[in-house]
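Chemist: Please see the structure below; I have some questions.
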Amino acid sequence: MKRARPSFSSSRPHLPLLVVGLALLACPAFSCPLFPPRPGAQATIAPPHKAAPILTPAQAQTPSPKLLAHSGGTPPPSPTPTSQRDTLTPTRTLEPPTPVPSRERPAPTATRALPTAPGARPEAPYSPRPSTGQQPGVPLLLSNPFLSLLPELQTAEGPQWLQPGLRVTYRAQTASIPQAQDEESISGAGYVQYDVVALDGALVVCHLQFYLEVAGGAGLPSASAPSYGSPGSGDFWLDPAALASAEQAASDRLKVARLPLTVASRQYDAVRFEYRPEDAEYVWMFDADSGLLLFYRHAIGGEHADRRELAEMTLLRTRELPAPWAQGSLPTWVQEGAKIRLQGPYTVAIPGSPGTALPYELTVSVKQVGSNWAEFGLAGYLSGQLSSSYSQVTGAWQLGGRLWLPPGTSAPAQPQLLDEDPVTGEKVSLGRGPNGTIALVQAGPAHRSTIYFELRTGRPIAAELHTTVGLAKVTVELAARGQQ
């Protein structure tokens, strides 16, 4: 079959790895979904926001998900090692990727599991149930070139390991290297986590969270964003059946190769895509058996560029998260156009200086609603001035970073630890809050955020943040002042 050779000349930057490259260089301040990136930093760590067309319900049956990792507006791939200057050196040893534990679920006859370590229990495949509601509009942040390069992805069933409750963690490193000798380089390292929070018909909904690495290798939350895909293709996967004939997509600028790849002392059979437009190089490497993204790299900027931008992302592990609200329903207040306003003081305290408290307001708006998930728009105002604007998704299978709980969720008598992430060290726990609320807490070595939900409605009505950024201690306390 002759394949289309689309032009990779779009000028629109792509979200995930572009944000990785920027978010890891930015100083984080907030960790929970109600707390955006620190005021004033949004221009640094937010994805570029251009008008995005919305697919109709009929078109959404084969949505165009965001394409993983690239900036400068061109799709990425590469087979030969780059020079030492273009290669980032890992700062610590990576642990082998861990297979996702199996769930007791009905499965189709043909199965493909995530790569498993010797002696590991194979993953039980999952067959997503059809959406019970109308397919929502899907934001077209960027057309996925793989859907044109490998047209069968548009109707592919997708890998069987792609199921709600899955978390995939990557180690990410970025650097911005000036060409002039009198300028300083900027670099950063951290983690990128994708949580599959809902499967809604032909739409895969993921929560994307970035972490900066702090002392001891733990993660401090930075930016977050929704990530949408189709069963056949998304930010961190391609249907493995399509990879079987990937060589047919090769062209003068797009190289496709098969080679062994060792990630954290474990060897994979990888399919490698390399794309080299002018003054840039992009590389993806996927596991041929499972379709899981193993590695990504880009190097942008030629000899006449002011700076050379480098980024790479390597698979760390996969695992299954606990999902205490997987069977819960969306609250009735989660409807398109609904808004919640929270207000309170934003305080920064530095040793030896008096603390400064400024008025802060956060508006949470429901942007679109699926059968068991919703996307929210959040806008933060510091002293009356817009300081941040971003999107956040919450799905039924989501653990932390939630903006709704199923109505009637009960609070445990004693605080209950739900999860501790082995990579970032972040703990998620559930407990009772004041005035009959339920408290969802996310805490790490340098941060602690709490959202208080109303038991009857599952609506967030208050939030607190305590975090340390260098010598500064930031405290934010918000309470609902009204909703529409």
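By convention in this document, the chains of the structure tokens carry letters A, B, ... by their order, each chain's residues are numbered from 1, and ligands are numbered from 1 in the order they are shown.
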Env of A:Gly165: 8 Å cut, atoms = only C-alpha atoms, seq-sep filter 2 positions within chain, self excluded. Answer as a list of chain:residue names.
Modeler: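 These residues fall inside the cut-off: A:Gln163, A:Arg167, A:Asp195, A:Val196, A:Val197, A:Glu320, A:Leu321, A:Pro322, A:Ala323, A:Trp397, A:Gln398.
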Chemist: Let me see the file: selected residues, C-alpha atoms, as a compact mmCIF listing (two decimals), in the first residue's frame.
Modeler:
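What follows is the written file selection.txt:
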# COMPACT_ATOMS: atom_id res chain seq x y z
CA GLN A 163 -6.45 0.82 29.85
CA ARG A 167 0.48 5.34 34.64
CA ASP A 195 -2.23 8.72 33.61
CA VAL A 196 -4.97 7.14 31.50
CA VAL A 197 -8.06 8.49 33.28
CA GLU A 320 -1.40 0.43 37.65
CA LEU A 321 -2.84 3.02 40.02
CA PRO A 322 -5.52 2.38 42.61
CA ALA A 323 -8.85 3.72 41.36
CA TRP A 397 -9.99 6.52 36.94
CA GLN A 398 -7.90 9.47 38.07
Chemist: Which is closer to A:Ala225 than all the others in A:Trp237, A:Tyr170, A:Tyr194, A:Tyr360, using only C-alpha atoms?
Modeler: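 Once distances to A:Ala225 are computed over only C-alpha atoms, the minimum belongs to A:Tyr194.
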Chemist: Identify all residues of stretch 171-265 of chain A in strand (DSSP E) (DSSP on the backbone) and supply them as a ChimeraX atom specification.
Modeler: /A:171-178,186-200,203-213,219-229,233-234,237-238,254-263
Chemist: For atom CA of A:Ser387 and atom CA of A:Leu362, determine how far apart the two atoms are, in Å to one decimal place.
Modeler: 9.9 Å
Chemist: Between A:Ala250, A:Ala357, A:Val364, A:Ala479, which one has atoms that come closest to A:Ser383, using only C-alpha atoms?
Modeler: A:Ala357
